[in-house]
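J.: Just final_20.cif, nothing more (mmCIF, C-alpha atoms):
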data_entry
loop_
_atom_site.label_atom_id
_atom_site.label_comp_id
_atom_site.auth_asym_id
_atom_site.auth_seq_id
_atom_site.Cartn_x
_atom_site.Cartn_y
_atom_site.Cartn_z
CA MET A 1 0.00 0.00 0.00
CA ASN A 2 1.28 3.45 -0.93
CA SER A 3 2.34 5.16 2.31
CA THR A 4 2.07 8.62 0.68
CA LEU A 5 -1.72 8.34 0.43
CA GLU A 6 -3.93 10.06 2.98
CA ARG A 7 -4.73 7.68 5.84
CA ILE A 8 -8.15 7.54 7.50
CA SER A 9 -8.35 5.70 10.80
CA ALA A 10 -10.95 3.04 11.44
CA GLU A 11 -12.57 5.24 14.09
CA GLU A 12 -12.87 8.18 11.70
CA TRP A 13 -14.05 5.96 8.83
CA HIS A 14 -16.83 4.35 10.84
CA TYR A 15 -17.85 7.74 12.24
CA ARG A 16 -18.24 9.08 8.69
CA GLN A 17 -20.32 6.04 7.76
CA LYS A 18 -22.68 6.65 10.67
CA THR A 19 -23.33 10.21 9.46
CA ILE A 20 -24.78 8.86 6.21
CA ASN A 21 -28.56 8.86 6.46
CA ILE A 22 -30.38 6.03 4.67
CA SER A 23 -34.14 6.03 5.07
CA LYS A 24 -35.87 3.00 6.55
CA SER A 25 -38.32 2.94 3.64
CA PHE A 26 -35.44 2.64 1.17
CA MET A 27 -33.90 -0.22 3.15
CA ASN A 28 -37.28 -1.96 3.33
CA GLN A 29 -37.63 -1.75 -0.44
CA ILE A 30 -34.16 -3.27 -0.90
CA VAL A 31 -34.89 -6.15 1.48
CA LEU A 32 -38.29 -6.90 -0.06
CA ASN A 33 -36.81 -6.78 -3.56
CA PHE A 34 -34.19 -9.32 -2.49
CA PHE A 35 -36.85 -11.70 -1.13
CA ILE A 36 -38.85 -11.37 -4.36
CA VAL A 37 -35.92 -11.90 -6.72
CA GLU A 38 -34.49 -14.83 -4.75
CA GLY A 39 -37.89 -16.50 -4.56
CA TYR A 40 -38.45 -16.34 -0.79
CA ARG A 41 -42.21 -16.03 -1.20
CA ASP A 42 -43.33 -16.51 2.43
CA ALA A 43 -40.66 -14.11 3.68
CA ALA A 44 -41.70 -11.56 1.03
CA ILE A 45 -45.36 -11.78 2.03
CA GLU A 46 -44.64 -11.37 5.75
CA PHE A 47 -42.09 -8.60 5.25
CA SER A 48 -44.41 -6.70 2.89
CA LYS A 49 -47.06 -6.70 5.63
CA GLU A 50 -44.61 -5.49 8.29
CA ALA A 51 -43.17 -2.80 6.03
CA ALA A 52 -46.59 -1.83 4.61
CA ILE A 53 -45.38 -2.33 1.04
CA PRO A 54 -48.00 -3.82 -1.28
CA LEU A 55 -47.18 -6.94 -3.32
CA SER A 56 -48.92 -7.51 -6.64
CA THR A 57 -50.57 -10.80 -7.54
CA GLU A 58 -48.32 -10.94 -10.62
CA GLU A 59 -45.17 -10.79 -8.49
CA LEU A 60 -46.42 -13.57 -6.22
CA ASP A 61 -47.50 -15.79 -9.13
CA GLN A 62 -44.11 -15.42 -10.84
CA MET A 63 -42.38 -16.40 -7.62
CA ILE A 64 -44.35 -19.66 -7.39
CA GLU A 65 -43.04 -20.91 -10.73
CA ARG A 66 -39.46 -19.91 -9.96
CA ILE A 67 -39.63 -21.59 -6.55
CA GLU A 68 -40.83 -24.82 -8.18
CA ILE A 69 -38.01 -24.72 -10.73
CA LYS A 70 -35.40 -24.07 -8.03
CA LYS A 71 -36.71 -27.06 -6.06
CA ASN A 72 -36.55 -29.26 -9.17
CA ILE A 73 -32.90 -28.31 -9.71
CA LEU A 74 -31.95 -28.82 -6.05
CA ASP A 75 -33.59 -32.27 -6.18
CA GLY A 76 -31.68 -33.14 -9.36
CA ASP A 77 -34.98 -33.37 -11.27
CA ILE A 78 -33.73 -31.42 -14.26
CA ASP A 79 -36.33 -32.84 -16.67
CA SER A 80 -39.15 -31.27 -14.65
CA ALA A 81 -37.31 -27.94 -14.60
CA LEU A 82 -36.81 -28.12 -18.37
CA GLU A 83 -40.50 -28.79 -18.93
CA LYS A 84 -41.31 -25.56 -17.12
CA VAL A 85 -38.78 -23.38 -18.97
CA ASN A 86 -38.99 -24.74 -22.54
CA LYS A 87 -41.64 -22.16 -23.37
CA LYS A 88 -39.37 -19.33 -22.20
CA ASN A 89 -37.28 -19.44 -25.39
CA ASN A 90 -34.15 -18.43 -23.49
CA ASN A 91 -31.08 -20.34 -24.70
CA LEU A 92 -28.95 -19.38 -21.71
CA ILE A 93 -31.47 -20.85 -19.28
CA LEU A 94 -31.71 -23.98 -21.41
CA PHE A 95 -27.92 -24.25 -21.53
CA LYS A 96 -27.58 -24.00 -17.75
CA LEU A 97 -30.21 -26.67 -17.17
CA LYS A 98 -29.07 -29.04 -19.93
CA THR A 99 -25.46 -28.81 -18.76
CA GLN A 100 -26.65 -29.76 -15.27
CA LYS A 101 -28.66 -32.62 -16.80
CA LEU A 102 -25.43 -33.79 -18.44
CA ILE A 103 -23.67 -33.71 -15.08
CA GLU A 104 -26.49 -35.67 -13.46
CA LEU A 105 -26.20 -38.36 -16.17
CA ILE A 106 -22.44 -38.62 -15.62
CA LYS A 107 -22.97 -38.88 -11.86
CA LYS A 108 -25.23 -41.88 -12.54
CA ASP A 109 -22.48 -43.39 -14.75
CA GLN A 110 -24.74 -43.16 -17.81
CA ILE A 111 -21.81 -42.16 -19.99
CA ASP A 112 -23.13 -43.17 -23.43
CA GLN A 113 -26.38 -41.36 -22.76
CA ALA A 114 -24.47 -38.33 -21.49
CA VAL A 115 -22.36 -38.11 -24.67
CA LYS A 116 -25.43 -38.41 -26.90
CA TYR A 117 -27.26 -35.83 -24.82
CA ALA A 118 -24.39 -33.35 -25.13
CA GLN A 119 -24.26 -33.84 -28.91
CA SER A 120 -28.01 -33.62 -29.51
CA GLU A 121 -29.15 -31.12 -26.87
CA ILE A 122 -26.28 -28.87 -25.82
CA ILE A 123 -23.87 -28.30 -28.71
CA GLN A 124 -26.62 -26.61 -30.73
CA LEU A 125 -26.90 -23.93 -28.04
CA LEU A 126 -23.24 -22.89 -28.35
CA PRO A 127 -22.92 -21.09 -31.75
CA ASN A 128 -24.27 -17.83 -30.35
CA GLN A 129 -22.78 -18.38 -26.89
CA PRO A 130 -19.01 -18.94 -27.42
CA HIS A 131 -18.21 -17.90 -23.83
CA LEU A 132 -20.06 -20.99 -22.62
CA ILE A 133 -17.73 -23.44 -24.34
CA GLU A 134 -15.41 -23.64 -21.32
CA GLU A 135 -18.36 -24.40 -19.06
CA ILE A 136 -19.50 -27.37 -21.14
CA GLU A 137 -15.91 -28.57 -21.59
CA GLN A 138 -15.49 -28.74 -17.81
CA ALA A 139 -18.64 -30.83 -17.47
CA ILE A 140 -17.65 -33.19 -20.29
CA SER A 141 -14.17 -33.61 -18.81
CA LEU A 142 -15.76 -35.61 -15.98
CA ILE A 143 -16.20 -38.47 -18.46
CA ALA A 144 -12.43 -38.94 -18.68
CA PHE A 145 -12.26 -40.21 -15.09
CA SER A 146 -13.40 -43.67 -14.04
CA ASP A 147 -13.75 -42.20 -10.56
CA ILE A 148 -15.23 -38.74 -11.05
CA LYS A 149 -14.50 -37.88 -7.43
CA LYS A 150 -10.82 -37.72 -8.44
CA SER A 151 -11.48 -35.29 -11.29
CA PRO A 152 -10.15 -31.72 -10.98
CA MET A 153 -13.75 -30.75 -11.75
CA ASN A 154 -15.21 -32.86 -8.92
CA HIS A 155 -16.88 -29.74 -7.49
CA LEU A 156 -19.41 -30.12 -10.32
CA ILE A 157 -20.81 -33.28 -8.72
CA GLN A 158 -21.26 -31.68 -5.31
CA ASN A 159 -24.60 -30.38 -4.03
CA SER A 160 -23.11 -26.88 -4.17
CA GLN A 161 -23.25 -27.13 -7.97
CA ARG A 162 -27.01 -27.69 -7.91
CA ILE A 163 -27.36 -24.71 -5.56
CA LYS A 164 -25.27 -22.56 -7.91
CA VAL A 165 -27.29 -23.54 -10.98
CA ALA A 166 -30.59 -23.08 -9.14
CA SER A 167 -29.53 -19.55 -8.18
CA GLU A 168 -28.32 -18.71 -11.70
CA VAL A 169 -31.47 -20.02 -13.35
CA ASN A 170 -33.65 -18.20 -10.83
CA GLN A 171 -31.84 -14.94 -11.61
CA LEU A 172 -32.18 -15.49 -15.36
CA LEU A 173 -35.88 -16.27 -15.06
CA TYR A 174 -36.45 -13.12 -13.02
CA GLN A 175 -34.48 -11.01 -15.49
CA ASP A 176 -36.37 -12.59 -18.36
CA SER A 177 -39.73 -11.65 -16.85
CA MET A 178 -38.71 -8.22 -15.54
CA GLY A 179 -36.79 -6.81 -18.48
CA ASN A 180 -33.26 -7.89 -17.53
CA ASP A 181 -33.60 -6.54 -14.00
CA GLN A 182 -31.80 -8.11 -11.04
CA ALA A 183 -31.84 -7.90 -7.26
CA LYS A 184 -31.06 -4.35 -6.18
CA LEU A 185 -29.03 -5.67 -3.25
CA ARG A 186 -26.73 -7.56 -5.62
CA THR A 187 -26.29 -4.40 -7.70
CA LEU A 188 -25.40 -2.39 -4.61
CA MET A 189 -22.81 -4.98 -3.55
CA LYS A 190 -21.19 -4.85 -6.99
CA LEU A 191 -21.11 -1.05 -6.82
CA LEU A 192 -19.57 -1.21 -3.36
CA LEU A 193 -16.74 -3.50 -4.51
CA TRP A 194 -16.16 -1.34 -7.60
CA ALA A 195 -16.07 1.86 -5.52
CA GLN A 196 -13.58 0.32 -3.08
CA GLU A 197 -11.22 -0.53 -5.94
CA ILE A 198 -11.34 3.07 -7.16
CA LEU A 199 -11.03 4.59 -3.69
CA LYS A 200 -8.05 2.53 -2.52
CA SER A 201 -5.87 4.24 -5.13
CA GLU A 202 -6.72 7.60 -3.55
CA ILE A 203 -6.66 7.02 0.23
CA GLN A 204 -5.82 4.42 2.87
CA TYR A 205 -8.94 3.34 4.71
CA PRO A 206 -10.50 0.21 6.32
CA GLN A 207 -11.85 -1.81 3.39
CA LEU A 208 -14.87 -4.09 3.70
CA LEU A 209 -13.49 -7.59 3.13
CA GLU A 210 -16.36 -9.88 4.10
CA ILE A 211 -19.71 -8.29 3.26
CA SER A 212 -21.87 -10.97 4.90
CA LYS A 213 -19.98 -10.56 8.21
CA GLY A 214 -19.30 -6.82 8.03
CA GLN A 215 -15.58 -7.58 8.36
CA PHE A 216 -13.16 -4.73 7.63
CA SER A 217 -9.45 -4.84 6.92
CA LYS A 218 -7.10 -3.99 9.80
CA GLU A 219 -5.10 -0.82 9.83
CA GLU A 220 -1.45 -1.30 8.99
#
Could I get this structure in the form of structure tokens?
T.:
Amino acid sequence: MNSTLERISAEEWHYRQKTINISKSFMNQIVLNFFIVEGYRDAAIEFSKEAAIPLSTEELDQMIERIEIKKNILDGDIDSALEKVNKKNNNLILFKLKTQKLIELIKKDQIDQAVKYAQSEIIQLLPNQPHLIEEIEQAISLIAFSDIKKSPMNHLIQNSQRIKVASEVNQLLYQDSMGNDQAKLRTLMKLLLWAQEILKSEIQYPQLLEISKGQFSKEE
């Protein structure tokens, strides 16, 4: 870190943060938006009542379908998820789900079926999505190992992979229905990280390292 930069102590930094006034109504809107986008329907309903923010029937209905699709993915029932999204005509959503279907086939040691599935159902989605080639290559690479647990890509067979895909598909479905919108809280977090990168070249200050824990860097 450049020692010539202005240094702001942790005490001063946190004091300045406390002087920033953010209205409760704004925070309520951010929290409710997060519940809606992430598909936490019951939490959204209860929070909307507490915060006195009306929820439309359309918003609630859209959440039901996304919740069902997320559950299908988490259960490994990719066929049911695909049945629900086929009408969406969104190749990226189809790619995410079909790649996960491929992984599920490999996990069941249905290698021949997995290869045929990749050739007939996934490759056709790649011409207009060249950035996805690496993603499908990683999934297919699992086939090269008789024991996929020893593959460098073994994280793809973990439950965390289903959680990741469920979250990605949920986000894509929401964006698809809401004009490419996304959770405002996620946007704010991205802006925060971007602003920190810009600011650290100007001053020395306690940077937020772990957002979920509110953990700041220590002063040097």
J.: Residues within 10 Å of (-40.5, -9.1, -3.1), file coordinates, counting all atoms listed in the file: what are they? Give the list as a list in words.
T.: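 Result, sorted by chain then residue number: Gln29, Ile30, Val31, Leu32, Asn33, Phe34, Phe35, Ile36, Val37, Glu38, Gly39, Tyr40, Arg41, Asp42, Ala43, Ala44, Ile45, Phe47, Ser48, Ile53, Pro54, Leu55, Ser56, Glu59, Leu60, Met63 and Ala183 of chain A.
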J.: Which residues, written as a compact mmCIF listing (two decimals) with C-alpha atoms, in the coordinates of the input, have at least one atom at most 9 Å from range 100-112 of chain A, with all atoms listed in the file counted and residues fewer than 5 positions away on the same chain left out?
T.:
# COMPACT_ATOMS: atom_id res chain seq x y z
CA ILE A 73 -32.90 -28.31 -9.71
CA GLY A 76 -31.68 -33.14 -9.36
CA ASP A 77 -34.98 -33.37 -11.27
CA ILE A 78 -33.73 -31.42 -14.26
CA ASP A 79 -36.33 -32.84 -16.67
CA PHE A 95 -27.92 -24.25 -21.53
CA TYR A 117 -27.26 -35.83 -24.82
CA ALA A 118 -24.39 -33.35 -25.13
CA ILE A 122 -26.28 -28.87 -25.82
CA ALA A 139 -18.64 -30.83 -17.47
CA ILE A 140 -17.65 -33.19 -20.29
CA LEU A 142 -15.76 -35.61 -15.98
CA ILE A 143 -16.20 -38.47 -18.46
CA ILE A 148 -15.23 -38.74 -11.05
CA LEU A 156 -19.41 -30.12 -10.32
CA ILE A 157 -20.81 -33.28 -8.72
CA GLN A 161 -23.25 -27.13 -7.97
CA ARG A 162 -27.01 -27.69 -7.91
CA VAL A 165 -27.29 -23.54 -10.98
J.: Between CA of Asn159 in chain A and CA of Lys84 in chain A, what is the distance in Å, rounded to a tenth?
T.: 21.8 Å
J.: Please determine the residues with any atom at most 12 Å from (-33.7, -16.0, -9.5) (coordinates as given in the file, with only C-alpha atoms counting) and report them as number ranges by chain.
T.: A: 33-41, 62-71, 93, 163-178, 180-183, 186
J.: Ranking A:Leu209, A:Val115, A:Ile203, A:Ile136 by minimum distance to Ser9 in chain A and counting all atoms listed in the file, which one comes first?
T.: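 For Ser9 in chain A, the nearest of the candidates is A:Ile203.
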J.: Report, in Å to a single decimal, how far apart CA of Tyr15 in chain A and CA of Lys200 in chain A are.
T.: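 Atom-to-atom, CA of Lys200 in chain A and CA of Tyr15 in chain A are spaced 18.5 Å apart.
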J.: For the atom pair CA of Ala52 in chain A and CA of Ser25 in chain A, what is the interatomic distance in Å to one decimal place?
T.: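 Answer for the CA of Ala52 in chain A to CA of Ser25 in chain A separation: 9.6 Å.
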J.: Of the candidates A:Asn154, A:Asn86, A:Thr99, A:Gln119, which shows the shortest atom-to-atom distance to Leu132 in chain A, using all atoms listed in the file?
T.: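 Looking at the shortest contact to Leu132 in chain A, the residue is A:Thr99.
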